[in-house]
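Enquirer: Below is one structure. I have some questions about it.
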Amino acid sequence: MIQISKNKNIEKSLIIIKPDGIQKRVAGKIISRFEDAGLEIERMKMIRIDEELAGEHYKEHRKKSFFGSLLKYICSGPVIIMVVRGPEAILKSREIMGPTDSRKAPSGTIRGDFGEDITVNVVHGSDSPRSAEREVRLFFGENF
Ligand code: CMP
């Protein structure tokens, strides 16, 4: 008998393809990685993030030494913002992105294949359902 799971834990995650992803012309490949992982692209737009929006998005890092360079980098060029949706979307996205520091990310992960270091790390993904909710509201201004 076929078992149909009722507990698929459908989640959303806010994904940013950072300026280096656009500049290296790998945005399409990155989007495919999320689709190939079984996630649906629910929203997508290309924008240029200003310092105010960047500061709000990364506000948990406000006191960190790298906050200034993080903001400067994310505001340095256009980015693609997406909402991906599907079973375990947050964990799945983090798995396919790889560790935050691209130098430690194995090949086959997005950061391992396309990132450079801990700042120029090609993608951002929400780290929890609570962050996802806040970030989707921040960038798309709509009900989660
Ligand atoms: P991101 O996934 O966008 O979320 C927060 C970002 O802060 C992270 O990617 C990194 O680019 C950056 N970051 C986190 N830790 C450090 C660190 N120790 N030094 C420099 N940048 C960091």
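If you're wondering about the labels, chains in the structure tokens are A, B, ... by order shown, residues count from 1 in each chain, ligands from 1 in order shown.
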Fewer than 3 positions away in the same chain doesn't count, so skip those; otherwise give me all residues within 12 Å of Glu52 in chain A, counting only C-alpha atoms, as a PDB file with C-alpha atoms, in the first residue's frame.
Expert:
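The file below, result-v3.pdb, is the result:
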```pdb
ATOM      1  CA  ARG A  48      18.770  47.013  -5.579  1.00  0.00           C
ATOM      2  CA  ILE A  49      18.803  46.941  -1.761  1.00  0.00           C
ATOM      3  CA  GLY A  55      20.151  47.282   7.926  1.00  0.00           C
ATOM      4  CA  GLU A  56      16.663  46.049   8.734  1.00  0.00           C
ATOM      5  CA  HIS A  57      17.201  42.689   7.056  1.00  0.00           C
ATOM      6  CA  TYR A  58      20.493  42.086   8.861  1.00  0.00           C
ATOM      7  CA  LYS A  59      19.527  43.812  12.136  1.00  0.00           C
ATOM      8  CA  LEU A  71      25.811  46.094   4.238  1.00  0.00           C
ATOM      9  CA  LYS A  72      28.265  47.560   1.761  1.00  0.00           C
ATOM     10  CA  ILE A  74      24.685  43.499  -0.245  1.00  0.00           C
ATOM     11  CA  CYS A  75      24.028  47.043  -1.517  1.00  0.00           C
ATOM     12  CA  LEU A 138      10.107  42.810   4.812  1.00  0.00           C
TER      13      LEU A 138
END
```
Enquirer: Give the residues close to ligand 1, within 10 Å, counting only C-alpha atoms and all ligand atoms; write them as a PyMOL selection string.
Expert: chain A and resi 15-18+57-61+64-71+73-74+94+97+99-102+117-127
Enquirer: With only C-alpha atoms as the atoms that count, which of A:Arg85, A:Asn143, A:Leu91, A:Glu133 lies nearest to Glu35 in chain A?
Expert: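 The answer is A:Arg85, which sits nearest to Glu35 in chain A.
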Enquirer: If you run DSSP over the backbone, which residues in range 9-83 of chain A end up strand (DSSP E)? Put them as a list in words.
Expert: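 Reading the DSSP output for range 9-83 of chain A, strand (DSSP E) covers Ile10, Glu11, Lys12, Ser13, Leu14, Ile15, Ile16, Ile17, Glu40, Ile41, Glu42, Arg43, Met44, Lys45, Met46, Ile47, Val79, Ile80, Ile81, Met82 and Val83 of chain A.
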Enquirer: Name the residues in contact with Gly98 in chain A at a cut-off of 9 Å, using only C-alpha atoms, excluding same-chain residues fewer than 2 positions from it; report them as a PDB file with all heavy atoms, in the first residue's frame.
Expert:
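What landed in selection_31.pdb:
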```
ATOM      1  N   SER A  93      16.889  24.301   1.805  1.00  0.00           N
ATOM      2  CA  SER A  93      17.624  25.417   1.198  1.00  0.00           C
ATOM      3  C   SER A  93      19.017  25.535   1.810  1.00  0.00           C
ATOM      4  O   SER A  93      20.003  25.735   1.096  1.00  0.00           O
ATOM      5  CB  SER A  93      16.869  26.731   1.408  1.00  0.00           C
ATOM      6  OG  SER A  93      15.626  26.691   0.763  1.00  0.00           O
ATOM      7  N   ARG A  94      19.098  25.393   3.121  1.00  0.00           N
ATOM      8  CA  ARG A  94      20.402  25.529   3.774  1.00  0.00           C
ATOM      9  C   ARG A  94      21.340  24.405   3.356  1.00  0.00           C
ATOM     10  O   ARG A  94      22.547  24.605   3.202  1.00  0.00           O
ATOM     11  CB  ARG A  94      20.228  25.591   5.290  1.00  0.00           C
ATOM     12  CG  ARG A  94      19.549  26.890   5.710  1.00  0.00           C
ATOM     13  CD  ARG A  94      19.243  26.948   7.179  1.00  0.00           C
ATOM     14  NE  ARG A  94      20.415  27.201   8.002  1.00  0.00           N
ATOM     15  CZ  ARG A  94      20.974  28.394   8.155  1.00  0.00           C
ATOM     16  NH1 ARG A  94      20.488  29.445   7.539  1.00  0.00           N
ATOM     17  NH2 ARG A  94      22.025  28.550   8.934  1.00  0.00           N
ATOM     18  N   GLU A  95      20.777  23.230   3.144  1.00  0.00           N
ATOM     19  CA  GLU A  95      21.614  22.102   2.687  1.00  0.00           C
ATOM     20  C   GLU A  95      22.183  22.373   1.299  1.00  0.00           C
ATOM     21  O   GLU A  95      23.367  22.165   1.054  1.00  0.00           O
ATOM     22  CB  GLU A  95      20.782  20.812   2.661  1.00  0.00           C
ATOM     23  CG  GLU A  95      20.644  20.178   4.019  1.00  0.00           C
ATOM     24  CD  GLU A  95      19.687  18.995   4.038  1.00  0.00           C
ATOM     25  OE1 GLU A  95      19.133  18.628   2.973  1.00  0.00           O
ATOM     26  OE2 GLU A  95      19.499  18.446   5.129  1.00  0.00           O
ATOM     27  N   ILE A  96      21.335  22.832   0.390  1.00  0.00           N
ATOM     28  CA  ILE A  96      21.843  23.017  -0.982  1.00  0.00           C
ATOM     29  C   ILE A  96      22.733  24.261  -1.105  1.00  0.00           C
ATOM     30  O   ILE A  96      23.559  24.338  -1.998  1.00  0.00           O
ATOM     31  CB  ILE A  96      20.720  23.006  -2.054  1.00  0.00           C
ATOM     32  CG1 ILE A  96      19.769  24.198  -1.919  1.00  0.00           C
ATOM     33  CG2 ILE A  96      19.956  21.692  -2.028  1.00  0.00           C
ATOM     34  CD1 ILE A  96      18.826  24.346  -3.105  1.00  0.00           C
ATOM     35  N   THR A 100      27.944  28.875   5.527  1.00  0.00           N
ATOM     36  CA  THR A 100      28.014  30.322   5.273  1.00  0.00           C
ATOM     37  C   THR A 100      29.322  30.724   4.605  1.00  0.00           C
ATOM     38  O   THR A 100      29.337  31.544   3.689  1.00  0.00           O
ATOM     39  CB  THR A 100      27.880  31.088   6.615  1.00  0.00           C
ATOM     40  OG1 THR A 100      26.691  30.637   7.266  1.00  0.00           O
ATOM     41  CG2 THR A 100      27.796  32.584   6.407  1.00  0.00           C
ATOM     42  N   ASP A 101      30.429  30.162   5.091  1.00  0.00           N
ATOM     43  CA  ASP A 101      31.736  30.495   4.511  1.00  0.00           C
ATOM     44  C   ASP A 101      31.966  29.641   3.263  1.00  0.00           C
ATOM     45  O   ASP A 101      32.172  28.425   3.367  1.00  0.00           O
ATOM     46  CB  ASP A 101      32.836  30.249   5.560  1.00  0.00           C
ATOM     47  CG  ASP A 101      34.184  30.756   5.091  1.00  0.00           C
ATOM     48  OD1 ASP A 101      34.357  31.000   3.879  1.00  0.00           O
ATOM     49  OD2 ASP A 101      35.073  30.904   5.951  1.00  0.00           O
ATOM     50  N   SER A 102      31.946  30.291   2.122  1.00  0.00           N
ATOM     51  CA  SER A 102      32.074  29.553   0.850  1.00  0.00           C
ATOM     52  C   SER A 102      33.354  28.721   0.785  1.00  0.00           C
ATOM     53  O   SER A 102      33.383  27.692   0.122  1.00  0.00           O
ATOM     54  CB  SER A 102      32.073  30.536  -0.322  1.00  0.00           C
ATOM     55  OG  SER A 102      30.967  31.389  -0.249  1.00  0.00           O
ATOM     56  N   LYS A 104      34.510  26.947   3.018  1.00  0.00           N
ATOM     57  CA  LYS A 104      34.300  25.674   3.726  1.00  0.00           C
ATOM     58  C   LYS A 104      33.177  24.863   3.096  1.00  0.00           C
ATOM     59  O   LYS A 104      32.842  23.775   3.581  1.00  0.00           O
ATOM     60  CB  LYS A 104      33.971  25.954   5.190  1.00  0.00           C
ATOM     61  CG  LYS A 104      35.121  26.600   5.911  1.00  0.00           C
ATOM     62  CD  LYS A 104      34.784  26.866   7.370  1.00  0.00           C
ATOM     63  CE  LYS A 104      35.972  27.532   8.052  1.00  0.00           C
ATOM     64  NZ  LYS A 104      35.583  28.336   9.203  1.00  0.00           N
ATOM     65  N   ALA A 105      32.576  25.398   2.055  1.00  0.00           N
ATOM     66  CA  ALA A 105      31.402  24.734   1.444  1.00  0.00           C
ATOM     67  C   ALA A 105      31.863  23.694   0.426  1.00  0.00           C
ATOM     68  O   ALA A 105      32.685  23.991  -0.444  1.00  0.00           O
ATOM     69  CB  ALA A 105      30.516  25.782   0.782  1.00  0.00           C
ATOM     70  N   PRO A 106      31.358  22.462   0.543  1.00  0.00           N
ATOM     71  CA  PRO A 106      31.776  21.422  -0.402  1.00  0.00           C
ATOM     72  C   PRO A 106      31.302  21.713  -1.824  1.00  0.00           C
ATOM     73  O   PRO A 106      30.290  22.394  -2.009  1.00  0.00           O
ATOM     74  CB  PRO A 106      31.075  20.153   0.119  1.00  0.00           C
ATOM     75  CG  PRO A 106      30.342  20.495   1.347  1.00  0.00           C
ATOM     76  CD  PRO A 106      30.387  21.987   1.534  1.00  0.00           C
ATOM     77  N   SER A 107      32.028  21.205  -2.805  1.00  0.00           N
ATOM     78  CA  SER A 107      31.544  21.365  -4.174  1.00  0.00           C
ATOM     79  C   SER A 107      30.248  20.580  -4.308  1.00  0.00           C
ATOM     80  O   SER A 107      30.018  19.588  -3.624  1.00  0.00           O
ATOM     81  CB  SER A 107      32.598  20.938  -5.184  1.00  0.00           C
ATOM     82  OG  SER A 107      32.854  19.585  -5.051  1.00  0.00           O
ATOM     83  N   GLY A 108      29.407  21.085  -5.156  1.00  0.00           N
ATOM     84  CA  GLY A 108      28.057  20.513  -5.268  1.00  0.00           C
ATOM     85  C   GLY A 108      27.030  21.359  -4.536  1.00  0.00           C
ATOM     86  O   GLY A 108      25.847  21.309  -4.837  1.00  0.00           O
ATOM     87  N   THR A 109      27.508  22.165  -3.560  1.00  0.00           N
ATOM     88  CA  THR A 109      26.615  23.135  -2.915  1.00  0.00           C
ATOM     89  C   THR A 109      26.730  24.467  -3.682  1.00  0.00           C
ATOM     90  O   THR A 109      27.720  24.703  -4.393  1.00  0.00           O
ATOM     91  CB  THR A 109      26.980  23.367  -1.428  1.00  0.00           C
ATOM     92  OG1 THR A 109      28.270  23.975  -1.349  1.00  0.00           O
ATOM     93  CG2 THR A 109      26.975  22.057  -0.646  1.00  0.00           C
ATOM     94  N   ILE A 110      25.728  25.315  -3.512  1.00  0.00           N
ATOM     95  CA  ILE A 110      25.719  26.583  -4.254  1.00  0.00           C
ATOM     96  C   ILE A 110      26.928  27.444  -3.863  1.00  0.00           C
ATOM     97  O   ILE A 110      27.638  27.978  -4.713  1.00  0.00           O
ATOM     98  CB  ILE A 110      24.388  27.339  -4.013  1.00  0.00           C
ATOM     99  CG1 ILE A 110      23.217  26.523  -4.585  1.00  0.00           C
ATOM    100  CG2 ILE A 110      24.433  28.736  -4.637  1.00  0.00           C
ATOM    101  CD1 ILE A 110      21.830  27.054  -4.199  1.00  0.00           C
ATOM    102  N   ARG A 111      27.177  27.561  -2.561  1.00  0.00           N
ATOM    103  CA  ARG A 111      28.316  28.380  -2.133  1.00  0.00           C
ATOM    104  C   ARG A 111      29.646  27.734  -2.510  1.00  0.00           C
ATOM    105  O   ARG A 111      30.599  28.418  -2.884  1.00  0.00           O
ATOM    106  CB  ARG A 111      28.238  28.645  -0.627  1.00  0.00           C
ATOM    107  CG  ARG A 111      27.123  29.648  -0.282  1.00  0.00           C
ATOM    108  CD  ARG A 111      26.921  29.759   1.203  1.00  0.00           C
ATOM    109  NE  ARG A 111      25.978  30.797   1.576  1.00  0.00           N
ATOM    110  CZ  ARG A 111      25.160  30.705   2.621  1.00  0.00           C
ATOM    111  NH1 ARG A 111      25.168  29.623   3.397  1.00  0.00           N
ATOM    112  NH2 ARG A 111      24.329  31.698   2.898  1.00  0.00           N
ATOM    113  N   GLY A 112      29.708  26.413  -2.418  1.00  0.00           N
ATOM    114  CA  GLY A 112      30.934  25.702  -2.793  1.00  0.00           C
ATOM    115  C   GLY A 112      31.251  25.896  -4.268  1.00  0.00           C
ATOM    116  O   GLY A 112      32.416  26.002  -4.655  1.00  0.00           O
TER     117      GLY A 112
END
```
Enquirer: Quick check, in Å to one decimal: how far apart do CA of Glu51 in chain A and CA of Gly77 in chain A lie?
Expert: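 Interatomic distance here is 11.9 Å.
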Enquirer: Any idea what the distance is between CA of Val79 in chain A and CA of Met44 in chain A?
Expert: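 Spanning CA of Val79 in chain A to CA of Met44 in chain A is a straight-line distance of 10.5 Å.
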Enquirer: For Pro78 in chain A, which residue among A:Pro129, A:Gly38, A:Pro19, A:Gly115 is the nearest when counting only C-alpha atoms?
Expert: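 Among the listed residues, the smallest separation from Pro78 in chain A belongs to A:Pro19.
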